[in-house]
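Enquirer: What follows is data_6.txt, made up of compact mmCIF, C-alpha atoms:
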```
# COMPACT_ATOMS: atom_id res chain seq x y z
CA MET S 1 -145.86 61.59 -59.95
CA ALA S 2 -146.04 63.80 -56.86
CA ASN S 3 -142.36 63.28 -56.23
CA ASN S 4 -141.60 64.23 -59.82
CA PHE S 5 -143.67 67.41 -59.49
CA GLU S 6 -141.94 68.27 -56.21
CA ALA S 7 -138.59 67.66 -57.86
CA GLN S 8 -139.56 69.99 -60.69
CA LEU S 9 -140.66 72.65 -58.23
CA LYS S 10 -137.41 72.24 -56.30
CA SER S 11 -135.43 72.50 -59.52
CA PHE S 12 -137.32 75.68 -60.46
CA ARG S 13 -136.79 77.12 -56.97
CA ASP S 14 -133.09 76.29 -57.07
CA LEU S 15 -132.76 77.87 -60.49
CA THR S 16 -134.51 81.01 -59.25
CA LEU S 17 -132.29 81.23 -56.19
CA LYS S 18 -129.27 80.70 -58.41
CA ASP S 19 -130.40 83.56 -60.63
CA ILE S 20 -131.09 85.86 -57.68
CA ARG S 21 -127.69 85.07 -56.24
CA TYR S 22 -126.06 85.78 -59.61
CA VAL S 23 -127.74 89.18 -59.86
CA ALA S 24 -126.91 90.05 -56.24
CA VAL S 25 -123.25 89.02 -56.44
CA GLU S 26 -122.62 90.66 -59.80
CA ALA S 27 -124.39 93.90 -58.87
CA ILE S 28 -122.54 94.14 -55.55
CA GLN S 29 -119.30 93.43 -57.38
CA ASP S 30 -120.15 96.17 -59.89
CA VAL S 31 -120.46 98.64 -57.01
CA VAL S 32 -117.17 97.66 -55.38
CA GLU S 33 -115.26 97.40 -58.65
CA GLY S 34 -116.56 100.84 -59.57
CA ALA S 35 -115.36 102.19 -56.25
CA GLN S 36 -111.97 100.52 -56.71
CA THR S 37 -111.44 101.90 -60.22
CA PRO S 38 -108.27 103.97 -59.87
CA GLN S 39 -107.50 107.45 -61.09
CA ARG S 40 -104.17 109.21 -60.67
CA GLY S 41 -104.16 111.50 -57.64
CA ILE S 42 -103.83 115.26 -58.01
CA THR S 43 -100.67 115.13 -55.88
CA LYS S 44 -99.23 112.76 -58.51
CA GLY S 45 -99.75 115.25 -61.32
CA ALA S 46 -103.28 114.51 -62.49
CA PRO S 47 -104.70 117.74 -63.96
CA SER S 48 -108.26 116.99 -62.84
CA PHE S 49 -110.44 114.26 -61.38
CA VAL S 50 -113.74 112.55 -61.97
CA GLU S 51 -116.23 111.51 -59.33
CA GLY S 52 -116.77 107.82 -58.75
CA LYS S 53 -113.18 106.64 -59.05
CA ILE S 54 -110.69 106.16 -56.24
CA PRO S 55 -107.69 108.51 -56.24
CA VAL S 56 -104.37 106.73 -56.14
CA ALA S 57 -101.29 108.52 -54.87
CA GLU S 58 -99.43 106.00 -52.69
CA ALA S 59 -102.01 103.21 -53.13
CA ASP S 60 -102.70 103.07 -49.41
CA LEU S 61 -106.35 104.04 -49.93
CA ILE S 62 -107.13 101.48 -52.63
CA ASN S 63 -105.29 98.79 -50.66
CA SER S 64 -107.17 99.63 -47.49
CA LEU S 65 -110.38 98.00 -48.70
CA THR S 66 -111.44 95.53 -46.04
CA THR S 67 -114.11 92.96 -46.76
CA GLU S 68 -115.41 90.89 -43.88
CA GLY S 69 -112.16 91.29 -41.98
CA SER S 70 -109.91 90.53 -44.93
CA SER S 71 -108.00 93.48 -46.38
CA GLY S 72 -106.53 94.15 -49.79
CA GLU S 73 -107.40 95.72 -53.13
CA PHE S 74 -109.22 92.58 -54.30
CA SER S 75 -110.48 91.33 -50.92
CA TYR S 76 -114.06 91.56 -52.17
CA VAL S 77 -113.55 88.83 -54.80
CA VAL S 78 -113.06 85.98 -52.34
CA ALA S 79 -115.74 87.25 -50.00
CA LEU S 80 -118.32 87.53 -52.77
CA ALA S 81 -117.51 84.03 -54.00
CA GLY S 82 -118.97 82.72 -50.73
CA PHE S 83 -121.93 85.07 -50.69
CA GLN S 84 -125.36 83.51 -50.14
CA ILE S 85 -128.74 85.17 -50.35
CA GLY S 86 -129.53 86.56 -46.90
CA ASP S 87 -125.91 87.24 -46.01
CA THR S 88 -124.81 90.64 -44.78
CA MET S 89 -121.45 91.78 -46.08
CA SER S 90 -119.52 94.92 -45.22
CA PHE S 91 -116.90 96.73 -47.25
CA SER S 92 -114.82 99.45 -45.64
CA TRP S 93 -111.91 101.63 -46.64
CA THR S 94 -109.80 101.93 -43.53
CA ALA S 95 -107.13 104.39 -44.66
CA GLU S 96 -107.05 107.43 -42.39
CA HIS S 97 -107.90 109.80 -45.24
CA ALA S 98 -110.67 107.64 -46.77
CA MET S 99 -113.52 109.82 -45.51
CA LEU S 100 -111.77 113.00 -46.65
CA MET S 101 -111.30 111.62 -50.16
CA GLU S 102 -114.90 110.45 -50.27
CA LEU S 103 -116.59 113.59 -48.96
CA GLY S 104 -114.10 116.43 -49.40
CA PHE S 105 -111.86 118.46 -47.13
CA THR S 106 -110.21 121.83 -46.59
CA ILE S 107 -106.53 122.56 -46.97
CA GLN S 108 -104.64 125.50 -45.59
CA LEU S 109 -102.85 127.64 -48.16
CA LYS S 110 -99.50 129.32 -47.59
CA ASP S 111 -101.11 132.77 -47.86
CA GLY S 112 -103.33 131.96 -44.87
CA GLY S 113 -106.38 131.24 -46.99
CA THR S 114 -108.06 127.90 -47.46
CA LYS S 115 -109.05 125.76 -50.38
CA GLU S 116 -111.96 123.35 -50.58
CA ILE S 117 -111.08 120.00 -52.12
CA PRO S 118 -114.25 118.35 -53.45
CA GLY S 119 -115.08 114.75 -52.54
CA ARG S 120 -114.43 112.02 -55.08
CA HIS S 121 -117.49 110.05 -53.94
CA PHE S 122 -115.90 106.82 -55.10
CA VAL S 123 -118.21 104.87 -52.75
CA GLY S 124 -121.37 107.00 -52.79
CA TYR S 125 -121.38 107.40 -56.56
CA ASN S 126 -121.19 103.66 -57.20
CA ALA S 127 -123.53 102.71 -54.34
CA ALA S 128 -126.12 105.08 -55.82
CA ARG S 129 -125.88 103.11 -59.08
CA PHE S 130 -126.77 99.80 -57.40
CA GLN S 131 -130.28 99.64 -58.91
CA GLU S 132 -128.83 100.35 -62.36
CA PHE S 133 -126.40 97.44 -61.89
CA VAL S 134 -129.19 95.14 -60.66
CA ASP S 135 -131.32 95.99 -63.69
CA ALA S 136 -128.42 95.35 -66.08
CA ARG S 137 -127.55 91.99 -64.46
CA SER S 138 -131.22 90.95 -64.41
CA LYS S 139 -131.41 91.55 -68.15
CA GLU S 140 -128.50 89.16 -68.62
CA ILE S 141 -130.59 86.31 -67.26
CA GLY S 142 -133.69 87.45 -69.10
CA ARG S 143 -135.84 88.50 -66.14
CA MET T 1 -133.25 118.88 -68.76
CA LYS T 2 -129.75 120.28 -68.63
CA GLU T 3 -127.39 119.50 -65.77
CA THR T 4 -127.04 123.22 -65.08
CA ASP T 5 -130.81 123.47 -64.56
CA ILE T 6 -130.62 120.70 -61.96
CA SER T 7 -127.70 122.12 -59.99
CA ASN T 8 -129.07 125.68 -60.18
CA THR T 9 -132.50 124.54 -58.96
CA LEU T 10 -131.13 122.61 -55.98
CA GLY T 11 -128.63 125.37 -55.19
CA LYS T 12 -131.28 128.08 -55.30
CA ILE T 13 -133.21 126.33 -52.51
CA LEU T 14 -130.17 126.59 -50.28
CA ARG T 15 -129.50 130.18 -51.27
CA ALA T 16 -133.14 131.22 -50.84
CA ALA T 17 -133.21 129.79 -47.31
CA ASP T 18 -130.79 132.60 -46.39
CA LEU T 19 -129.33 130.70 -43.44
CA GLY T 20 -126.80 133.43 -42.78
CA TYR T 21 -123.72 131.40 -43.64
CA HIS T 22 -121.36 131.76 -46.58
CA ILE T 23 -121.87 129.08 -49.25
CA VAL T 24 -118.91 127.74 -51.22
CA TRP T 25 -120.22 126.64 -54.62
CA GLY T 26 -118.54 124.19 -56.99
CA ASN T 27 -115.16 125.33 -58.29
CA ARG T 28 -115.14 128.27 -55.86
CA ASP T 29 -112.94 128.57 -52.79
CA GLN T 30 -113.68 129.81 -49.35
CA PRO T 31 -112.45 133.44 -49.32
CA SER T 32 -109.12 133.94 -47.56
CA GLY T 33 -109.26 135.10 -43.99
CA SER T 34 -112.88 134.21 -43.32
CA SER T 35 -113.62 131.95 -40.41
CA GLY T 36 -116.53 130.35 -38.62
CA ILE T 37 -119.18 128.08 -40.01
CA TYR T 38 -119.81 127.92 -43.74
CA LEU T 39 -121.46 125.54 -46.21
CA VAL T 40 -119.99 123.71 -49.20
CA PHE T 41 -122.26 122.68 -52.07
CA GLN T 42 -121.19 119.88 -54.42
CA MET T 43 -123.16 118.07 -57.11
CA THR T 44 -122.51 114.44 -58.02
CA ARG T 45 -124.21 113.39 -61.24
CA LEU T 46 -124.86 109.76 -62.11
CA PRO T 47 -124.79 108.62 -65.74
CA PRO T 48 -128.19 109.27 -67.37
CA ARG T 49 -130.21 106.06 -67.62
CA ALA T 50 -132.29 104.97 -70.57
CA ILE T 51 -135.40 103.51 -68.92
CA GLY T 52 -138.95 102.98 -70.07
CA LEU T 53 -140.03 103.07 -73.66
CA LYS T 54 -137.71 103.65 -76.58
CA GLY T 55 -137.52 107.30 -77.50
CA GLN T 56 -138.18 108.51 -73.96
CA ARG T 57 -135.67 110.93 -72.57
CA PRO T 58 -132.96 109.38 -70.41
CA GLN T 59 -133.49 109.85 -66.68
CA HIS T 60 -131.00 112.05 -64.86
CA SER T 61 -130.28 111.44 -61.19
CA GLY T 62 -127.58 111.97 -58.61
CA PHE T 63 -127.05 113.64 -55.28
CA ALA T 64 -126.01 116.97 -53.85
CA THR T 65 -123.68 116.99 -50.87
CA ILE T 66 -124.06 120.07 -48.70
CA THR T 67 -121.35 120.04 -46.07
CA VAL T 68 -121.55 122.12 -42.92
CA VAL T 69 -117.98 123.15 -42.11
CA GLY T 70 -117.27 124.38 -38.59
CA GLU T 71 -114.35 124.83 -36.29
CA GLN T 72 -112.68 121.92 -34.56
CA ASN T 73 -112.73 121.38 -30.79
CA LYS T 74 -116.24 122.72 -30.35
CA PHE T 75 -119.36 120.78 -29.43
CA GLU T 76 -120.74 119.32 -32.62
CA THR T 77 -124.30 120.34 -31.74
CA GLU T 78 -124.20 123.55 -33.78
CA THR T 79 -122.93 121.96 -36.97
CA THR T 80 -125.28 118.98 -36.65
CA GLN T 81 -128.25 121.28 -35.98
CA LEU T 82 -127.38 123.26 -39.08
CA GLY T 83 -127.15 119.95 -40.96
CA ASP T 84 -130.69 119.16 -39.79
CA ILE T 85 -131.89 122.55 -41.03
CA VAL T 86 -130.24 121.98 -44.41
CA ALA T 87 -131.83 118.53 -44.63
CA SER T 88 -135.27 120.01 -43.88
CA LEU T 89 -134.98 122.21 -46.98
CA TYR T 90 -135.14 119.09 -49.17
CA PRO T 91 -138.01 116.88 -47.94
CA SER T 92 -138.21 113.47 -49.55
CA GLY T 93 -140.76 113.33 -52.33
CA GLN T 94 -140.80 117.06 -52.90
CA ARG T 95 -141.10 118.01 -56.55
CA ILE T 96 -139.52 121.22 -57.72
CA ASP T 97 -140.53 122.67 -61.06
CA VAL T 98 -137.71 123.86 -63.27
CA PRO T 99 -138.37 127.04 -65.30
CA SER T 100 -137.09 125.45 -68.50
CA GLY T 101 -139.55 122.57 -68.12
CA GLY T 102 -139.84 119.34 -66.17
CA SER T 103 -139.32 118.84 -62.47
CA ILE T 104 -136.84 117.43 -60.00
CA GLU T 105 -137.91 115.07 -57.23
CA ILE T 106 -136.04 114.61 -53.97
CA SER T 107 -135.71 110.84 -54.21
CA SER T 108 -134.92 109.87 -50.62
CA PRO T 109 -134.81 111.39 -47.15
CA PRO T 110 -131.73 113.63 -46.89
CA HIS T 111 -129.00 112.02 -44.82
CA VAL T 112 -127.22 114.07 -42.17
CA MET T 113 -124.02 112.06 -41.94
CA SER T 114 -121.72 111.69 -38.94
CA GLY T 115 -119.25 114.52 -38.60
CA PHE T 116 -115.52 114.05 -39.08
CA PRO T 117 -112.45 116.25 -38.85
CA ASP T 118 -110.08 117.32 -41.59
CA GLU T 119 -106.77 119.10 -41.11
CA LYS T 120 -108.51 122.32 -40.10
CA ASN T 121 -112.25 121.91 -39.61
CA TRP T 122 -115.13 119.74 -38.46
CA ARG T 123 -117.37 118.63 -41.32
CA VAL T 124 -120.97 117.39 -41.32
CA PRO T 125 -122.13 116.33 -44.80
CA VAL T 126 -125.79 116.24 -45.77
CA LYS T 127 -126.61 114.09 -48.78
CA VAL T 128 -129.65 114.93 -50.90
CA GLY T 129 -130.64 112.43 -53.59
CA TYR T 130 -132.63 113.58 -56.60
CA ARG T 131 -134.01 112.37 -59.90
CA VAL T 132 -135.46 114.26 -62.81
CA MET T 133 -139.11 113.48 -63.52
```
Taking this structure as input, can you express it in the form of structure tokens?

Expert:
Amino acid sequence: MANNFEAQLKSFRDLTLKDIRYVAVEAIQDVVEGAQTPQRGITKGAPSFVEGKIPVAEADLINSLTTEGSSGEFSYVVALAGFQIGDTMSFSWTAEHAMLMELGFTIQLKDGGTKEIPGRHFVGYNAARFQEFVDARSKEIGR
Amino acid sequence: MKETDISNTLGKILRAADLGYHIVWGNRDQPSGSSGIYLVFQMTRLPPRAIGLKGQRPQHSGFATITVVGEQNKFETETTQLGDIVASLYPSGQRIDVPSGGSIEISSPPHVMSGFPDEKNWRVPVKVGYRVM
């Protein structure tokens, strides 16, 4: 009887951990996929931009995503497949101009003036939505 | 609450502080020929969230990025100190009433980020998170 009860508790615990892991992995993936959602770069003829999407001109920025030492546009997929609760995982965009695209920069104009290029916030925008993603994924499992 | 109310309210705090530096607002450029330190104000709005009971207004949130822009090849102390001053204008938890109704809360401690160079300048961003109450 006791063993059966313990087994039930273990089963419940495992189910809970499985659910927590599902929410964590999916919500983290939502953040990174959001950040990796491409938009045509201004230098490639786009008339405007939106915040929260990664600008793509030569694709070097989107391809520079590095997850736990592995680089590539979809490097996060494999890494997240092995994610366990308690793990720490880092995602970095290693292209030289990544920070400029994220937070904005100044360009020099031919007339000697300058122009402020606003940041795209492709990381910050999606990271700030993490709680929203967690809530949405939690609803999927009914908690 | 309208998005313009939010950006105007947060922007007015910076303007009212009268720090003595030119502020570049959204969709405005730094005037030609000017030099020295200046500030750049940019709003990033998150999608409004439907939370709480049905029929309640969706919650607006997001963050303002106020970037201190200074010259390259100078000690970063001045730009970082100015970043600290900007951050102190938006203490976490502060509620600011909006004339058209409602209030905005600074939702987290402002973050004075590490500086980095662009082609011309040294930039120190300060991130200020907010949510509409």

Enquirer: Which value, in Å to one decimal, gives the distance between CA of Ile23 (chain T) and CA of Met113 (chain T)?

Expert: 18.6 Å

Enquirer: Around the point (-104.0, 110.8, -52.3) (coordinates from the file), which residues reach within 10 Å if we count all atoms listed in the file? Answer as number ranges by chain.

Expert: S: 40-44, 54-62, 97-98, 100-101

Enquirer: Please, what distance in Å, to one decimal, runs between CA of Lys127 (chain T) and CA of Gly112 (chain S)?

Expert: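 We find that CA of Lys127 (chain T) and CA of Gly112 (chain S) lie 29.6 Å from each other.
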
Enquirer: I'd like to know which of T:Arg28, T:Lys74, T:Lys12, T:His111 is closest to chain S, using only C-alpha atoms.

Expert: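 Once distances to chain S are computed over only C-alpha atoms, the minimum belongs to T:Arg28.
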
Enquirer: For region 39-52 of chain S, what centre and edge lengths in Å (one decimal) does the axis-aligned box get once 6 Å is added on each side of all its listed atoms, as lines of an AutoDock Vina configuration file?

Expert:
```
center_x = -108.0
center_y = 112.6
center_z = -59.9
size_x = 29.5
size_y = 22.3
size_z = 20.1
```

Enquirer: Could you build a table of the residues in chain S lying no more than 9 Å from chain T, giving for each the nearest pair of atoms and their separation in Å rounded to one decimal place, using only C-alpha atoms, ordered by chain and ascending residue number, as JSON lines?

Expert:
```
{"residue": "S:Glu51", "atom": "CA", "partner": "T:Thr44", "partner_atom": "CA", "distance": 7.1}
{"residue": "S:Gly52", "atom": "CA", "partner": "T:Thr44", "partner_atom": "CA", "distance": 8.8}
{"residue": "S:His97", "atom": "CA", "partner": "T:Asp118", "partner_atom": "CA", "distance": 8.6}
{"residue": "S:Met99", "atom": "CA", "partner": "T:Phe116", "partner_atom": "CA", "distance": 8.0}
{"residue": "S:Leu100", "atom": "CA", "partner": "T:Asp118", "partner_atom": "CA", "distance": 6.9}
{"residue": "S:Leu103", "atom": "CA", "partner": "T:Pro125", "partner_atom": "CA", "distance": 7.5}
{"residue": "S:Gly104", "atom": "CA", "partner": "T:Thr67", "partner_atom": "CA", "distance": 8.8}
{"residue": "S:Phe105", "atom": "CA", "partner": "T:Asp118", "partner_atom": "CA", "distance": 5.9}
{"residue": "S:Thr106", "atom": "CA", "partner": "T:Lys120", "partner_atom": "CA", "distance": 6.7}
{"residue": "S:Ile107", "atom": "CA", "partner": "T:Glu119", "partner_atom": "CA", "distance": 6.8}
{"residue": "S:Gln108", "atom": "CA", "partner": "T:Lys120", "partner_atom": "CA", "distance": 7.4}
{"residue": "S:Leu109", "atom": "CA", "partner": "T:Ser32", "partner_atom": "CA", "distance": 8.9}
{"residue": "S:Asp111", "atom": "CA", "partner": "T:Ser32", "partner_atom": "CA", "distance": 8.1}
{"residue": "S:Gly112", "atom": "CA", "partner": "T:Ser32", "partner_atom": "CA", "distance": 6.7}
{"residue": "S:Gly113", "atom": "CA", "partner": "T:Ser32", "partner_atom": "CA", "distance": 3.9}
{"residue": "S:Thr114", "atom": "CA", "partner": "T:Ser32", "partner_atom": "CA", "distance": 6.1}
{"residue": "S:Lys115", "atom": "CA", "partner": "T:Asp29", "partner_atom": "CA", "distance": 5.4}
{"residue": "S:Glu116", "atom": "CA", "partner": "T:Asp29", "partner_atom": "CA", "distance": 5.8}
{"residue": "S:Ile117", "atom": "CA", "partner": "T:Asp29", "partner_atom": "CA", "distance": 8.8}
{"residue": "S:Pro118", "atom": "CA", "partner": "T:Gln42", "partner_atom": "CA", "distance": 7.2}
{"residue": "S:Gly119", "atom": "CA", "partner": "T:Gln42", "partner_atom": "CA", "distance": 8.2}
{"residue": "S:Arg120", "atom": "CA", "partner": "T:Thr44", "partner_atom": "CA", "distance": 8.9}
{"residue": "S:His121", "atom": "CA", "partner": "T:Thr44", "partner_atom": "CA", "distance": 7.8}
{"residue": "S:Tyr125", "atom": "CA", "partner": "T:Leu46", "partner_atom": "CA", "distance": 7.0}
{"residue": "S:Asn126", "atom": "CA", "partner": "T:Leu46", "partner_atom": "CA", "distance": 8.6}
{"residue": "S:Ala128", "atom": "CA", "partner": "T:Gly62", "partner_atom": "CA", "distance": 7.6}
{"residue": "S:Arg129", "atom": "CA", "partner": "T:Leu46", "partner_atom": "CA", "distance": 7.4}
{"residue": "S:Glu132", "atom": "CA", "partner": "T:Arg49", "partner_atom": "CA", "distance": 7.9}
```

Enquirer: Env of Ala79 (chain S): 7 Å cut, atoms = only C-alpha atoms, seq-sep filter 4 positions within chain, self excluded. Answer as a VMD selection string.

Expert: chain S and resid 67 75 83

Enquirer: How many Å lie between CA of Thr66 (chain S) and CA of Gln36 (chain S), rounded to one decimal?

Expert: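 It comes out at 11.8 Å.
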
Enquirer: Taking into account all atoms listed in the file, which residue in the set T:Thr9, T:Glu3, T:Leu82, T:Tyr21 is nearest to Pro99 (chain T)?

Expert: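 Between T:Thr9, T:Glu3, T:Leu82, T:Tyr21, the residue approaching Pro99 (chain T) most closely is T:Thr9.
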
Enquirer: Applying 8 Å and all atoms listed in the file, which residues near Pro110 (chain T) remain after dropping the ones on its own chain fewer than 3 positions away? List them as a PDB file with C-alpha atoms, in the coordinates of the input.

Expert:
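The resulting around_24.pdb:
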```pdb
ATOM      1  CA  ALA T  87    -131.830 118.530 -44.630  1.00  0.00           C
ATOM      2  CA  SER T  88    -135.270 120.010 -43.880  1.00  0.00           C
ATOM      3  CA  TYR T  90    -135.140 119.090 -49.170  1.00  0.00           C
ATOM      4  CA  PRO T  91    -138.010 116.880 -47.940  1.00  0.00           C
ATOM      5  CA  SER T  92    -138.210 113.470 -49.550  1.00  0.00           C
ATOM      6  CA  VAL T 126    -125.790 116.240 -45.770  1.00  0.00           C
ATOM      7  CA  LYS T 127    -126.610 114.090 -48.780  1.00  0.00           C
ATOM      8  CA  VAL T 128    -129.650 114.930 -50.900  1.00  0.00           C
ATOM      9  CA  GLY T 129    -130.640 112.430 -53.590  1.00  0.00           C
TER      10      GLY T 129
END
```

Enquirer: Choose the residue, out of S:Val134, S:Lys110, S:Ile141, S:Phe122, that has the smallest atom-to-atom separation from Gly34 (chain S); count only C-alpha atoms.

Expert: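 For Gly34 (chain S), the nearest of the given residues is S:Phe122.
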
Enquirer: Would you list the residues near (-125.3, 126.5, -43.6) (no more than 7 Å away, in the coordinates of the file, using all atoms listed in the file) as a list in words?

Expert: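 Using all atoms listed in the file, the matching residues come out as Leu19, Tyr21, Tyr38, Leu39, Val68, Leu82 and Val86 of chain T.
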
Enquirer: Could those residues be written to a file, using C-alpha atoms, as an mmCIF file, in the coordinates of the input?

Expert:
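Listing of again_14.cif after writing:
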```
data_model
loop_
_atom_site.group_PDB
_atom_site.id
_atom_site.type_symbol
_atom_site.label_atom_id
_atom_site.label_comp_id
_atom_site.auth_asym_id
_atom_site.auth_seq_id
_atom_site.Cartn_x
_atom_site.Cartn_y
_atom_site.Cartn_z
ATOM 1 C CA LEU T 19 -129.330 130.700 -43.440
ATOM 2 C CA TYR T 21 -123.720 131.400 -43.640
ATOM 3 C CA TYR T 38 -119.810 127.920 -43.740
ATOM 4 C CA LEU T 39 -121.460 125.540 -46.210
ATOM 5 C CA VAL T 68 -121.550 122.120 -42.920
ATOM 6 C CA LEU T 82 -127.380 123.260 -39.080
ATOM 7 C CA VAL T 86 -130.240 121.980 -44.410
#
```

Enquirer: Name the residues in contact with Ile28 (chain S) at a cut-off of 9 Å, using only C-alpha atoms, excluding same-chain residues fewer than 5 positions from it; report them as a list in words.

Expert: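 What passes the distance filter is Val23, Glu33, Leu80, Ala127, Phe130, Phe133 and Val134 of chain S.
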